[in-house]
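Dropping run.pdb in here (PDB, C-alpha atoms):
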MODEL        1
ATOM      1  CA  MET A   1    -102.839-221.110  -3.481
ATOM      2  CA  SER A   2    -104.367-218.267  -5.332
ATOM      3  CA  ASP A   3    -107.477-218.419  -3.141
ATOM      4  CA  GLU A   4    -105.349-218.516   0.040
ATOM      5  CA  ARG A   5    -103.392-215.495  -1.093
ATOM      6  CA  THR A   6    -106.563-213.674  -1.964
ATOM      7  CA  ASP A   7    -108.016-214.516   1.419
ATOM      8  CA  GLN A   8    -104.831-213.366   3.163
ATOM      9  CA  GLU A   9    -104.803-210.155   1.138
ATOM     10  CA  ALA A  10    -108.445-209.537   1.991
ATOM     11  CA  LYS A  11    -107.708-209.919   5.717
ATOM     12  CA  GLU A  12    -104.715-207.608   5.479
ATOM     13  CA  GLU A  13    -106.797-205.149   3.505
ATOM     14  CA  ALA A  14    -109.503-205.273   6.179
ATOM     15  CA  ARG A  15    -106.930-204.711   8.951
ATOM     16  CA  ALA A  16    -105.381-201.841   7.042
ATOM     17  CA  SER A  17    -108.780-200.355   6.442
ATOM     18  CA  GLU A  18    -109.606-200.646  10.137
ATOM     19  CA  ALA A  19    -106.298-198.999  11.030
ATOM     20  CA  ARG A  20    -106.934-196.148   8.600
ATOM     21  CA  ARG A  21    -110.416-195.691  10.033
ATOM     22  CA  GLU A  22    -108.999-195.475  13.554
ATOM     23  CA  ILE A  23    -106.405-192.962  12.429
ATOM     24  CA  TRP A  24    -109.043-190.806  10.760
ATOM     25  CA  LEU A  25    -111.284-191.076  13.814
ATOM     26  CA  SER A  26    -108.388-190.020  16.038
ATOM     27  CA  ILE A  27    -107.585-187.080  13.773
ATOM     28  CA  GLY A  28    -111.258-186.110  13.699
ATOM     29  CA  ALA A  29    -111.540-186.353  17.482
ATOM     30  CA  PHE A  30    -108.394-184.285  17.861
ATOM     31  CA  PHE A  31    -109.712-181.512  15.602
ATOM     32  CA  LEU A  32    -113.112-181.649  17.256
ATOM     33  CA  TYR A  33    -111.371-181.236  20.621
ATOM     34  CA  LEU A  34    -109.400-178.264  19.266
ATOM     35  CA  ILE A  35    -112.484-176.608  17.795
ATOM     36  CA  LEU A  36    -114.543-177.065  20.955
ATOM     37  CA  GLY A  37    -111.667-175.834  23.122
ATOM     38  CA  PHE A  38    -111.190-172.770  20.921
ATOM     39  CA  ALA A  39    -114.921-172.042  20.956
ATOM     40  CA  LEU A  40    -114.998-172.346  24.749
ATOM     41  CA  MET A  41    -112.029-169.997  25.100
ATOM     42  CA  MET A  42    -113.633-167.460  22.760
ATOM     43  CA  TRP A  43    -116.860-167.610  24.746
ATOM     44  CA  LEU A  44    -115.125-167.155  28.093
ATOM     45  CA  ASN A  45    -113.001-164.317  26.729
ATOM     46  CA  ALA A  46    -116.053-162.549  25.330
ATOM     47  CA  ARG A  47    -117.739-162.815  28.720
ATOM     48  CA  ARG A  48    -114.625-161.443  30.475
ATOM     49  CA  GLU A  49    -114.315-158.513  28.060
ATOM     50  CA  ALA A  50    -117.997-157.738  28.438
ATOM     51  CA  ALA A  51    -117.516-157.661  32.199
ATOM     52  CA  MET A  52    -114.538-155.298  31.833
ATOM     53  CA  ILE A  53    -116.424-152.695  29.775
ATOM     54  CA  PRO A  54    -117.516-150.008  32.246
ATOM     55  CA  THR A  55    -121.207-149.514  32.455
ATOM     56  CA  ALA A  56    -122.019-146.356  30.558
ATOM     57  CA  PRO A  57    -123.295-143.719  32.949
ATOM     58  CA  VAL A  58    -127.005-143.267  32.507
ATOM     59  CA  ALA A  59    -128.112-139.850  33.599
ATOM     60  CA  GLN A  60    -131.748-139.455  34.420
ATOM     61  CA  LYS A  61    -132.224-135.717  34.256
ATOM     62  CA  PRO A  62    -130.384-132.406  34.309
ATOM     63  CA  ILE A  63    -128.638-131.574  37.533
ATOM     64  CA  ALA A  64    -127.765-128.406  39.403
ATOM     65  CA  LEU A  65    -124.581-129.159  41.293
ATOM     66  CA  THR A  66    -122.879-126.864  43.766
ATOM     67  CA  ILE A  67    -119.181-127.328  44.406
ATOM     68  CA  LEU A  68    -117.689-125.585  47.401
ATOM     69  CA  HIS A  69    -113.939-125.568  47.265
ATOM     70  CA  THR A  70    -111.062-124.479  49.436
ATOM     71  CA  ASN A  71    -107.284-124.708  49.125
ATOM     72  CA  ASP A  72    -104.091-123.896  50.986
ATOM     73  CA  THR A  73    -105.691-123.774  54.421
ATOM     74  CA  TRP A  74    -102.439-124.950  56.017
ATOM     75  CA  GLY A  75    -104.316-126.348  58.980
ATOM     76  CA  TYR A  76    -105.215-122.898  60.264
ATOM     77  CA  LEU A  77    -108.215-122.888  62.564
ATOM     78  CA  GLU A  78    -107.953-119.141  63.125
ATOM     79  CA  PRO A  79    -107.927-116.541  61.642
ATOM     80  CA  CYS A  80    -109.487-118.411  58.768
ATOM     81  CA  GLY A  81    -113.077-117.590  59.473
TER      82      GLY A  81
ATOM     83  CA  MET B  13    -112.951-122.292  60.662
ATOM     84  CA  ALA B  14    -116.129-121.760  62.655
ATOM     85  CA  ARG B  15    -117.209-119.092  60.167
ATOM     86  CA  ARG B  16    -116.287-121.355  57.261
ATOM     87  CA  ALA B  17    -118.689-123.858  58.789
ATOM     88  CA  THR B  18    -121.434-121.250  58.635
ATOM     89  CA  VAL B  19    -120.793-120.598  54.944
ATOM     90  CA  ILE B  20    -120.876-124.323  54.226
ATOM     91  CA  LYS B  21    -124.113-124.788  56.151
ATOM     92  CA  GLN B  22    -125.737-121.899  54.298
ATOM     93  CA  GLU B  23    -124.773-123.301  50.924
ATOM     94  CA  ARG B  24    -125.852-126.816  51.898
ATOM     95  CA  SER B  25    -129.271-125.548  52.890
ATOM     96  CA  GLN B  26    -129.773-124.097  49.405
ATOM     97  CA  ALA B  27    -128.295-126.840  47.221
ATOM     98  CA  ASP B  28    -129.891-130.031  45.975
ATOM     99  CA  TYR B  29    -126.502-131.566  45.315
ATOM    100  CA  LEU B  30    -123.300-130.272  46.845
ATOM    101  CA  LEU B  31    -119.703-131.399  46.937
ATOM    102  CA  LEU B  32    -117.224-129.953  49.402
ATOM    103  CA  LEU B  33    -113.700-130.295  48.032
ATOM    104  CA  ASP B  34    -110.240-129.128  49.015
ATOM    105  CA  ALA B  35    -107.458-128.646  46.467
ATOM    106  CA  GLY B  36    -104.658-129.451  48.878
ATOM    107  CA  ASN B  37    -102.108-128.045  51.313
ATOM    108  CA  ALA B  38    -104.821-128.425  53.904
ATOM    109  CA  TRP B  39    -103.145-130.146  56.794
ATOM    110  CA  LEU B  40    -100.324-128.068  58.193
ATOM    111  CA  ASN B  41     -97.784-125.338  57.890
ATOM    112  CA  ASP B  42     -96.504-123.010  60.583
ATOM    113  CA  ARG B  43     -99.235-122.958  63.201
ATOM    114  CA  ASN B  44    -100.571-125.017  66.029
ATOM    115  CA  PRO B  45    -102.523-127.128  66.631
ATOM    116  CA  ALA B  46    -101.963-128.426  63.098
ATOM    117  CA  LYS B  47     -98.196-128.404  63.467
ATOM    118  CA  LEU B  48     -98.201-130.010  66.882
ATOM    119  CA  SER B  49    -100.816-132.604  65.982
ATOM    120  CA  ARG B  50     -99.099-133.410  62.678
ATOM    121  CA  GLY B  51    -102.240-132.519  60.750
ATOM    122  CA  LYS B  52    -104.609-134.481  62.971
ATOM    123  CA  SER B  53    -106.525-131.367  64.026
ATOM    124  CA  SER B  54    -106.979-130.466  60.356
ATOM    125  CA  VAL B  55    -108.415-133.843  59.441
ATOM    126  CA  GLU B  56    -110.669-133.681  62.481
ATOM    127  CA  VAL B  57    -112.149-130.356  61.510
ATOM    128  CA  MET B  58    -112.493-131.407  57.860
ATOM    129  CA  ASN B  59    -114.446-134.428  59.082
ATOM    130  CA  LYS B  60    -116.668-132.157  61.138
ATOM    131  CA  LEU B  61    -117.272-129.840  58.188
ATOM    132  CA  GLY B  62    -118.227-132.784  55.992
ATOM    133  CA  TYR B  63    -115.582-132.611  53.301
ATOM    134  CA  ASP B  64    -116.112-135.086  50.498
ATOM    135  CA  ALA B  65    -112.594-135.190  49.067
ATOM    136  CA  MET B  66    -109.223-133.462  49.073
ATOM    137  CA  ALA B  67    -106.192-133.568  46.830
ATOM    138  CA  LEU B  68    -102.873-134.131  48.554
ATOM    139  CA  GLY B  69    -100.616-131.119  48.248
ATOM    140  CA  LEU B  70     -96.845-131.008  48.546
ATOM    141  CA  GLN B  71     -97.325-129.190  51.836
ATOM    142  CA  ASP B  72     -99.366-132.117  53.181
ATOM    143  CA  LEU B  73     -96.530-134.486  52.272
ATOM    144  CA  ILE B  74     -94.157-132.716  54.622
ATOM    145  CA  LEU B  75     -95.573-135.199  57.099
ATOM    146  CA  LYS B  76     -93.772-138.495  57.482
ATOM    147  CA  PRO B  77     -95.221-141.392  55.484
ATOM    148  CA  GLU B  78     -96.583-143.069  58.617
ATOM    149  CA  GLU B  79     -98.240-139.807  59.648
ATOM    150  CA  VAL B  80     -99.827-139.416  56.227
ATOM    151  CA  ALA B  81    -101.065-143.000  56.390
ATOM    152  CA  GLN B  82    -102.607-142.303  59.792
ATOM    153  CA  ARG B  83    -104.273-139.086  58.596
ATOM    154  CA  ILE B  84    -105.763-140.961  55.641
ATOM    155  CA  LYS B  85    -107.160-143.567  58.051
ATOM    156  CA  GLU B  86    -108.722-140.846  60.151
ATOM    157  CA  ALA B  87    -110.259-138.987  57.215
ATOM    158  CA  ARG B  88    -113.930-139.601  56.539
ATOM    159  CA  PHE B  89    -113.401-138.081  53.094
ATOM    160  CA  SER B  90    -111.450-139.321  50.109
ATOM    161  CA  VAL B  91    -107.786-138.355  50.034
ATOM    162  CA  LEU B  92    -106.803-138.176  46.388
ATOM    163  CA  SER B  93    -103.659-138.163  44.322
ATOM    164  CA  ALA B  94    -103.100-139.949  41.047
ATOM    165  CA  ASN B  95     -99.393-139.150  41.072
ATOM    166  CA  ALA B  96     -98.107-139.380  44.653
ATOM    167  CA  TYR B  97     -96.650-142.779  45.504
ATOM    168  CA  TRP B  98     -95.125-144.227  48.607
ATOM    169  CA  LYS B  99     -91.359-144.611  48.276
ATOM    170  CA  GLY B 100     -90.674-147.317  45.724
ATOM    171  CA  GLY B 101     -93.146-145.914  43.245
ATOM    172  CA  VAL B 102     -95.536-148.854  43.239
ATOM    173  CA  GLU B 103     -98.459-147.975  45.453
ATOM    174  CA  LEU B 104    -100.361-144.698  45.369
ATOM    175  CA  VAL B 105    -100.582-142.824  48.654
ATOM    176  CA  GLY B 106    -104.255-141.974  48.194
ATOM    177  CA  LEU B 107    -106.968-142.841  45.741
ATOM    178  CA  PRO B 108    -106.444-141.639  42.171
ATOM    179  CA  TYR B 109    -110.089-140.648  41.920
ATOM    180  CA  VAL B 110    -113.470-141.037  43.502
ATOM    181  CA  ILE B 111    -116.941-141.117  42.007
ATOM    182  CA  PHE B 112    -119.997-139.577  43.601
ATOM    183  CA  GLU B 113    -123.500-140.543  42.503
ATOM    184  CA  MET B 114    -125.616-137.409  42.364
ATOM    185  CA  GLY B 115    -129.072-137.104  40.860
ATOM    186  CA  GLY B 116    -128.521-139.944  38.444
ATOM    187  CA  HIS B 117    -125.135-138.577  37.400
ATOM    188  CA  ARG B 118    -121.735-139.903  38.255
ATOM    189  CA  VAL B 119    -119.387-137.122  39.252
ATOM    190  CA  GLY B 120    -115.779-138.264  39.058
ATOM    191  CA  VAL B 121    -113.098-136.338  40.933
ATOM    192  CA  LEU B 122    -109.445-136.944  40.035
ATOM    193  CA  GLY B 123    -106.766-135.730  42.455
ATOM    194  CA  LEU B 124    -103.328-134.416  41.462
ATOM    195  CA  THR B 125    -100.306-133.310  43.465
ATOM    196  CA  ALA B 126     -97.586-130.925  42.354
ATOM    197  CA  GLN B 127     -94.453-132.729  41.246
ATOM    198  CA  GLY B 128     -91.722-132.330  43.809
ATOM    199  CA  VAL B 129     -89.439-134.090  46.221
ATOM    200  CA  ARG B 130     -90.666-135.300  49.590
ATOM    201  CA  GLU B 131     -88.872-137.792  51.782
ATOM    202  CA  GLY B 132     -90.637-141.129  51.813
ATOM    203  CA  PHE B 133     -92.703-140.355  48.726
ATOM    204  CA  GLU B 134     -92.294-140.395  44.970
ATOM    205  CA  ILE B 135     -94.315-137.797  43.155
ATOM    206  CA  VAL B 136     -94.437-138.238  39.412
ATOM    207  CA  SER B 137     -95.638-135.890  36.689
ATOM    208  CA  PRO B 138     -99.254-134.817  37.219
ATOM    209  CA  THR B 139     -99.627-134.476  33.446
ATOM    210  CA  GLU B 140     -98.597-138.078  32.867
ATOM    211  CA  ALA B 141    -100.861-139.213  35.685
ATOM    212  CA  ALA B 142    -103.760-137.337  34.124
ATOM    213  CA  ARG B 143    -102.985-138.974  30.777
ATOM    214  CA  ALA B 144    -103.097-142.380  32.424
ATOM    215  CA  TRP B 145    -106.147-141.958  34.628
ATOM    216  CA  LEU B 146    -108.491-139.588  32.811
ATOM    217  CA  PRO B 147    -109.636-142.098  30.153
ATOM    218  CA  LYS B 148    -110.621-144.552  32.857
ATOM    219  CA  LEU B 149    -112.422-141.904  34.844
ATOM    220  CA  GLN B 150    -114.226-140.680  31.739
ATOM    221  CA  CYS B 151    -115.547-144.205  31.173
ATOM    222  CA  GLU B 152    -116.971-144.331  34.655
ATOM    223  CA  ALA B 153    -118.263-140.788  35.144
ATOM    224  CA  ASP B 154    -120.314-138.393  33.063
ATOM    225  CA  ILE B 155    -119.098-135.308  34.922
ATOM    226  CA  VAL B 156    -115.339-134.991  35.376
ATOM    227  CA  VAL B 157    -113.746-132.753  37.987
ATOM    228  CA  VAL B 158    -109.987-132.460  38.445
ATOM    229  CA  LEU B 159    -108.954-131.426  41.935
ATOM    230  CA  SER B 160    -105.437-130.233  41.436
ATOM    231  CA  ASN B 161    -102.624-129.065  43.629
ATOM    232  CA  ALA B 162    -100.272-129.018  40.649
ATOM    233  CA  GLY B 163    -100.389-125.238  40.299
ATOM    234  CA  PRO B 164    -102.229-123.051  37.773
ATOM    235  CA  GLU B 165     -99.631-123.363  34.994
ATOM    236  CA  VAL B 166     -99.801-127.138  34.956
ATOM    237  CA  ASP B 167    -103.563-126.941  35.350
ATOM    238  CA  ARG B 168    -103.920-124.808  32.239
ATOM    239  CA  GLU B 169    -101.694-127.237  30.363
ATOM    240  CA  LEU B 170    -103.920-130.100  31.454
ATOM    241  CA  LEU B 171    -106.963-128.292  30.126
ATOM    242  CA  ARG B 172    -105.207-127.610  26.816
ATOM    243  CA  ARG B 173    -104.030-131.180  26.374
ATOM    244  CA  PHE B 174    -106.894-133.300  27.609
ATOM    245  CA  GLN B 175    -110.486-133.304  26.466
ATOM    246  CA  GLY B 176    -113.319-134.333  28.713
ATOM    247  CA  ILE B 177    -112.524-132.318  31.837
ATOM    248  CA  ASP B 178    -115.559-130.322  32.902
ATOM    249  CA  ILE B 179    -114.182-128.507  35.924
ATOM    250  CA  LEU B 180    -110.643-128.041  37.201
ATOM    251  CA  ILE B 181    -110.293-126.821  40.761
ATOM    252  CA  SER B 182    -106.845-125.434  41.295
ATOM    253  CA  GLY B 183    -104.781-124.920  44.417
ATOM    254  CA  ALA B 184    -101.224-123.893  45.191
ATOM    255  CA  GLY B 185    -101.388-120.704  43.152
ATOM    256  CA  GLN B 186     -99.364-117.580  43.840
ATOM    257  CA  ARG B 187    -102.114-115.083  43.111
ATOM    258  CA  LEU B 188    -105.875-115.011  43.162
ATOM    259  CA  LEU B 189    -107.390-116.167  39.891
ATOM    260  CA  GLN B 190    -110.655-115.316  38.279
ATOM    261  CA  PRO B 191    -112.621-118.190  36.733
ATOM    262  CA  GLU B 192    -111.262-119.168  33.349
ATOM    263  CA  ALA B 193    -113.053-120.967  30.533
ATOM    264  CA  VAL B 194    -110.917-122.804  27.985
ATOM    265  CA  PRO B 195    -111.978-123.494  24.383
ATOM    266  CA  SER B 196    -112.969-127.068  25.218
ATOM    267  CA  GLY B 197    -115.631-125.637  27.514
ATOM    268  CA  ALA B 198    -113.876-126.636  30.718
ATOM    269  CA  LEU B 199    -113.736-124.227  33.612
ATOM    270  CA  LEU B 200    -110.855-123.468  35.963
ATOM    271  CA  PHE B 201    -111.602-122.210  39.461
ATOM    272  CA  SER B 202    -109.331-121.366  42.352
ATOM    273  CA  ALA B 203    -110.501-120.113  45.722
ATOM    274  CA  ASP B 204    -107.588-118.891  47.719
ATOM    275  CA  VAL B 205    -103.966-117.856  48.035
ATOM    276  CA  SER B 206    -102.329-118.031  51.411
ATOM    277  CA  ARG B 207     -99.469-116.336  53.138
ATOM    278  CA  PRO B 208     -98.178-116.791  56.663
ATOM    279  CA  GLY B 209    -100.812-115.639  59.090
ATOM    280  CA  PHE B 210    -103.529-115.614  56.470
ATOM    281  CA  ALA B 211    -104.812-118.935  55.236
ATOM    282  CA  GLY B 212    -108.181-120.472  54.581
ATOM    283  CA  GLU B 213    -109.965-117.151  54.368
ATOM    284  CA  ARG B 214    -111.850-117.833  51.145
ATOM    285  CA  VAL B 215    -114.273-120.389  49.782
ATOM    286  CA  GLY B 216    -115.106-120.841  46.112
ATOM    287  CA  VAL B 217    -118.756-121.461  45.311
ATOM    288  CA  ALA B 218    -119.430-122.911  41.870
ATOM    289  CA  GLN B 219    -123.017-123.433  40.838
ATOM    290  CA  LEU B 220    -123.084-125.670  37.823
ATOM    291  CA  SER B 221    -125.861-126.835  35.539
ATOM    292  CA  PHE B 222    -125.464-130.046  33.566
ATOM    293  CA  ASP B 223    -127.917-131.451  31.054
ATOM    294  CA  ARG B 224    -129.113-135.049  31.246
ATOM    295  CA  GLU B 225    -126.039-136.202  29.304
ATOM    296  CA  GLY B 226    -123.737-134.572  31.819
ATOM    297  CA  LYS B 227    -122.804-131.682  29.537
ATOM    298  CA  LEU B 228    -122.084-128.401  31.281
ATOM    299  CA  ILE B 229    -124.713-125.906  30.142
ATOM    300  CA  GLY B 230    -124.301-123.055  32.591
ATOM    301  CA  TYR B 231    -122.451-121.859  35.634
ATOM    302  CA  SER B 232    -121.882-119.123  38.103
ATOM    303  CA  TRP B 233    -118.963-118.802  40.436
ATOM    304  CA  ARG B 234    -118.152-116.537  43.312
ATOM    305  CA  ARG B 235    -115.472-116.229  45.929
ATOM    306  CA  VAL B 236    -116.742-115.878  49.461
ATOM    307  CA  VAL B 237    -114.311-114.001  51.691
ATOM    308  CA  ILE B 238    -114.906-115.153  55.225
ATOM    309  CA  THR B 239    -115.029-111.927  57.135
ATOM    310  CA  PRO B 240    -116.032-111.473  60.787
ATOM    311  CA  GLU B 241    -119.501-110.565  59.562
ATOM    312  CA  PHE B 242    -120.177-114.276  59.219
ATOM    313  CA  ALA B 243    -121.423-115.709  62.476
ATOM    314  CA  ALA B 244    -119.303-118.483  63.934
ATOM    315  CA  ASP B 245    -120.919-121.888  63.946
ATOM    316  CA  PRO B 246    -121.330-122.718  67.653
ATOM    317  CA  GLU B 247    -120.332-126.360  67.387
ATOM    318  CA  ILE B 248    -117.135-125.709  65.452
ATOM    319  CA  LYS B 249    -116.330-122.677  67.571
ATOM    320  CA  ALA B 250    -116.573-124.816  70.710
ATOM    321  CA  TRP B 251    -114.371-127.462  69.135
ATOM    322  CA  VAL B 252    -111.749-124.876  68.105
ATOM    323  CA  GLU B 253    -111.733-123.520  71.652
ATOM    324  CA  SER B 254    -111.322-127.034  73.024
ATOM    325  CA  VAL B 255    -108.203-127.776  70.979
ATOM    326  CA  LYS B 256    -106.451-124.464  71.532
ATOM    327  CA  GLY B 257    -103.440-125.177  73.640
ATOM    328  CA  LYS B 258    -103.950-128.910  73.455
ATOM    329  CA  VAL B 259    -100.580-130.602  73.491
ATOM    330  CA  ASP B 260    -101.480-134.261  73.751
ATOM    331  CA  TRP B 261    -102.612-135.467  70.331
TER     332      TRP B 261
ENDMDL
END
Rewrite the structure of this file - the entire thing - as structure tokens.
Amino acid sequence: MSDERTDQEAKEEARASEARREIWLSIGAFFLYLILGFALMMWLNARREAAMIPTAPVAQKPIALTILHTNDTWGYLEPCG
Amino acid sequence: MARRATVIKQERSQADYLLLLDAGNAWLNDRNPAKLSRGKSSVEVMNKLGYDAMALGLQDLILKPEEVAQRIKEARFSVLSANAYWKGGVELVGLPYVIFEMGGHRVGVLGLTAQGVREGFEIVSPTEAARAWLPKLQCEADIVVVLSNAGPEVDRELLRRFQGIDILISGAGQRLLQPEAVPSGALLFSADVSRPGFAGERVGVAQLSFDREGKLIGYSWRRVVITPEFAADPEIKAWVESVKGKVDW
């Protein structure tokens, strides 16, 4: 009787242990999924932000620039020169 | 206009890098063929002269929205305004700014229109538009030019309030201005003041030196008054003659 009970208890213990292991594995897989998903999002976001930063203008050398400017011509063709 | 073409050609022949800009109110007022053609003749001649960009002025927005849209299609230059919207206030009429690559530098030109009421358009504060667009332009360009039809008072306010403007070209003034330098180092230029019968008689010529970082290190400026002493450019003169009296646009 005592041996039967012990055997039964051992089987129940083994099943419980297996169930606990599966629960822990599921929890672990869930957190691993979250961590990987978060890391992927961070990586994609970093790439997007990097793409949004305007390229800094890189000037090569000094420049002499002439700007000709007019205003208020009103569509006159003559006598405006 | 044929003599203006001569001035432009002369300056082009002497410059390594040149921008030809108009600070607005370019398309029409009281005279033909601009009035009759609804500004089409003006865009045509600006194309021929090789303009790079213009700011929309309130006077240009006397045209109907569909006429403005057509003129913008015809223009081979950038039509700018960071604060003029089609009715509804969602979409800008022109481009807010344009960037020209010159000698390894990026020259950004922001366009502004005077705030006012025009049917079919919504024109918001040029100051607020400058606040919104200048930071973006400054990220993309190392030389910043504001092409403004907002009037000299607003223009001076812009120069007081916002850092990072190198040159402000001003239109729509009531009197001729001399070049002004503000404490930030920015320069304000204005070429012309018009009155009925007398428009487009002057061209501003700014010769600017920038160091390799795009910092303004020197300048000269002069106002060229286009007198009859300037020879008329034959091609433009012939074109002007051809459109005189033209009624079918």
- [ ] Can you pull out every residue within 8 Å of stretch 239-244 of chain B, counting only C-alpha atoms, but drop anything in the same chain fewer than 3 positions away, and send it as a list in words?
- [x] Gly81 of chain A; Ala14, Arg15, Arg16, Ala17, Thr18, Val19, Glu213, Ile248 and Lys249 of chain B
Per-residue nearest contacts of chain B to chain A (7 Å; all atoms listed in the file) as JSON lines:
{"residue": "B:Met13", "atom": "CA", "partner": "A:Gly81", "partner_atom": "CA", "distance": 4.9}
{"residue": "B:Ala14", "atom": "CA", "partner": "A:Gly81", "partner_atom": "CA", "distance": 6.1}
{"residue": "B:Arg15", "atom": "CA", "partner": "A:Gly81", "partner_atom": "CA", "distance": 4.5}
{"residue": "B:Arg16", "atom": "CA", "partner": "A:Gly81", "partner_atom": "CA", "distance": 5.4}
{"residue": "B:Ala27", "atom": "CA", "partner": "A:Thr66", "partner_atom": "CA", "distance": 6.4}
{"residue": "B:Tyr29", "atom": "CA", "partner": "A:Leu65", "partner_atom": "CA", "distance": 5.1}
{"residue": "B:Leu30", "atom": "CA", "partner": "A:Thr66", "partner_atom": "CA", "distance": 4.6}
{"residue": "B:Leu31", "atom": "CA", "partner": "A:Ile67", "partner_atom": "CA", "distance": 4.8}
{"residue": "B:Leu32", "atom": "CA", "partner": "A:Leu68", "partner_atom": "CA", "distance": 4.8}
{"residue": "B:Leu33", "atom": "CA", "partner": "A:His69", "partner_atom": "CA", "distance": 4.8}
{"residue": "B:Asp34", "atom": "CA", "partner": "A:Thr70", "partner_atom": "CA", "distance": 4.7}
{"residue": "B:Ala35", "atom": "CA", "partner": "A:Asn71", "partner_atom": "CA", "distance": 4.8}
{"residue": "B:Gly36", "atom": "CA", "partner": "A:Asn71", "partner_atom": "CA", "distance": 5.4}
{"residue": "B:Asn37", "atom": "CA", "partner": "A:Asp72", "partner_atom": "CA", "distance": 4.6}
{"residue": "B:Ala38", "atom": "CA", "partner": "A:Trp74", "partner_atom": "CA", "distance": 4.7}
{"residue": "B:Trp39", "atom": "CA", "partner": "A:Gly75", "partner_atom": "CA", "distance": 4.5}
{"residue": "B:Leu40", "atom": "CA", "partner": "A:Trp74", "partner_atom": "CA", "distance": 4.4}
{"residue": "B:Asn41", "atom": "CA", "partner": "A:Trp74", "partner_atom": "CA", "distance": 5.0}
{"residue": "B:Arg43", "atom": "CA", "partner": "A:Tyr76", "partner_atom": "CA", "distance": 6.7}
{"residue": "B:Ala46", "atom": "CA", "partner": "A:Gly75", "partner_atom": "CA", "distance": 5.2}
{"residue": "B:Gly51", "atom": "CA", "partner": "A:Gly75", "partner_atom": "CA", "distance": 6.7}
{"residue": "B:Ser54", "atom": "CA", "partner": "A:Gly75", "partner_atom": "CA", "distance": 5.1}
{"residue": "B:Gly115", "atom": "CA", "partner": "A:Ile63", "partner_atom": "CA", "distance": 6.5}
{"residue": "B:Gly116", "atom": "CA", "partner": "A:Ala59", "partner_atom": "CA", "distance": 4.9}
{"residue": "B:His117", "atom": "CA", "partner": "A:Ala59", "partner_atom": "CA", "distance": 5.0}
{"residue": "B:Arg118", "atom": "CA", "partner": "A:Pro57", "partner_atom": "CA", "distance": 6.7}
{"residue": "B:Cys151", "atom": "CA", "partner": "A:Pro54", "partner_atom": "CA", "distance": 6.2}
{"residue": "B:Glu152", "atom": "CA", "partner": "A:Pro54", "partner_atom": "CA", "distance": 6.2}
{"residue": "B:Ala153", "atom": "CA", "partner": "A:Pro57", "partner_atom": "CA", "distance": 6.2}
{"residue": "B:Asp154", "atom": "CA", "partner": "A:Pro57", "partner_atom": "CA", "distance": 6.1}
{"residue": "B:Gly183", "atom": "CA", "partner": "A:Asn71", "partner_atom": "CA", "distance": 5.3}
{"residue": "B:Ala184", "atom": "CA", "partner": "A:Asp72", "partner_atom": "CA", "distance": 6.5}
{"residue": "B:Ala203", "atom": "CA", "partner": "A:Thr70", "partner_atom": "CA", "distance": 5.8}
{"residue": "B:Asp204", "atom": "CA", "partner": "A:Asn71", "partner_atom": "CA", "distance": 6.0}
{"residue": "B:Val205", "atom": "CA", "partner": "A:Asp72", "partner_atom": "CA", "distance": 6.7}
{"residue": "B:Ser206", "atom": "CA", "partner": "A:Asp72", "partner_atom": "CA", "distance": 6.1}
{"residue": "B:Phe210", "atom": "CA", "partner": "A:Pro79", "partner_atom": "CA", "distance": 6.9}
{"residue": "B:Ala211", "atom": "CA", "partner": "A:Thr73", "partner_atom": "CA", "distance": 5.0}
{"residue": "B:Gly212", "atom": "CA", "partner": "A:Thr73", "partner_atom": "CA", "distance": 4.1}
{"residue": "B:Glu213", "atom": "CA", "partner": "A:Cys80", "partner_atom": "CA", "distance": 4.6}
{"residue": "B:Arg214", "atom": "CA", "partner": "A:Thr70", "partner_atom": "CA", "distance": 6.9}
{"residue": "B:Val215", "atom": "CA", "partner": "A:Thr70", "partner_atom": "CA", "distance": 5.2}
{"residue": "B:Gly216", "atom": "CA", "partner": "A:His69", "partner_atom": "CA", "distance": 5.0}
{"residue": "B:Val217", "atom": "CA", "partner": "A:Leu68", "partner_atom": "CA", "distance": 4.7}
{"residue": "B:Ala218", "atom": "CA", "partner": "A:Ile67", "partner_atom": "CA", "distance": 5.1}
{"residue": "B:Gln219", "atom": "CA", "partner": "A:Thr66", "partner_atom": "CA", "distance": 4.5}
{"residue": "B:Leu220", "atom": "CA", "partner": "A:Leu65", "partner_atom": "CA", "distance": 5.1}
{"residue": "B:Ser221", "atom": "CA", "partner": "A:Ala64", "partner_atom": "CA", "distance": 4.6}
{"residue": "B:Phe222", "atom": "CA", "partner": "A:Ile63", "partner_atom": "CA", "distance": 5.3}
{"residue": "B:Asp223", "atom": "CA", "partner": "A:Pro62", "partner_atom": "CA", "distance": 4.2}
{"residue": "B:Arg224", "atom": "CA", "partner": "A:Pro62", "partner_atom": "CA", "distance": 4.2}
{"residue": "B:Glu225", "atom": "CA", "partner": "A:Ala59", "partner_atom": "CA", "distance": 6.0}
{"residue": "B:Ile238", "atom": "CA", "partner": "A:Gly81", "partner_atom": "CA", "distance": 5.2}
{"residue": "B:Thr239", "atom": "CA", "partner": "A:Gly81", "partner_atom": "CA", "distance": 6.4}
{"residue": "B:Pro240", "atom": "CA", "partner": "A:Gly81", "partner_atom": "CA", "distance": 6.9}
{"residue": "B:Val252", "atom": "CA", "partner": "A:Leu77", "partner_atom": "CA", "distance": 6.9}
TODO: Could you expand the PyMOL selection byres ((chain B and resi 81-84) around 12) into the explicit residues it covers here, written as an NGL selection string?
DONE: :B and (38-40 or 46 or 49-56 or 58-59 or 65-68 or 72-73 or 75-80 or 85-93 or 97-98 or 104-107 or 132-133)
Open item on the list: Please expand the PyMOL selection byres ((chain B and resi 134) around 9) into the concrete residues it hits in this file, giving the result as a PyMOL selection string.
Closed with: chain B and resi 95-101+127-133+135-136
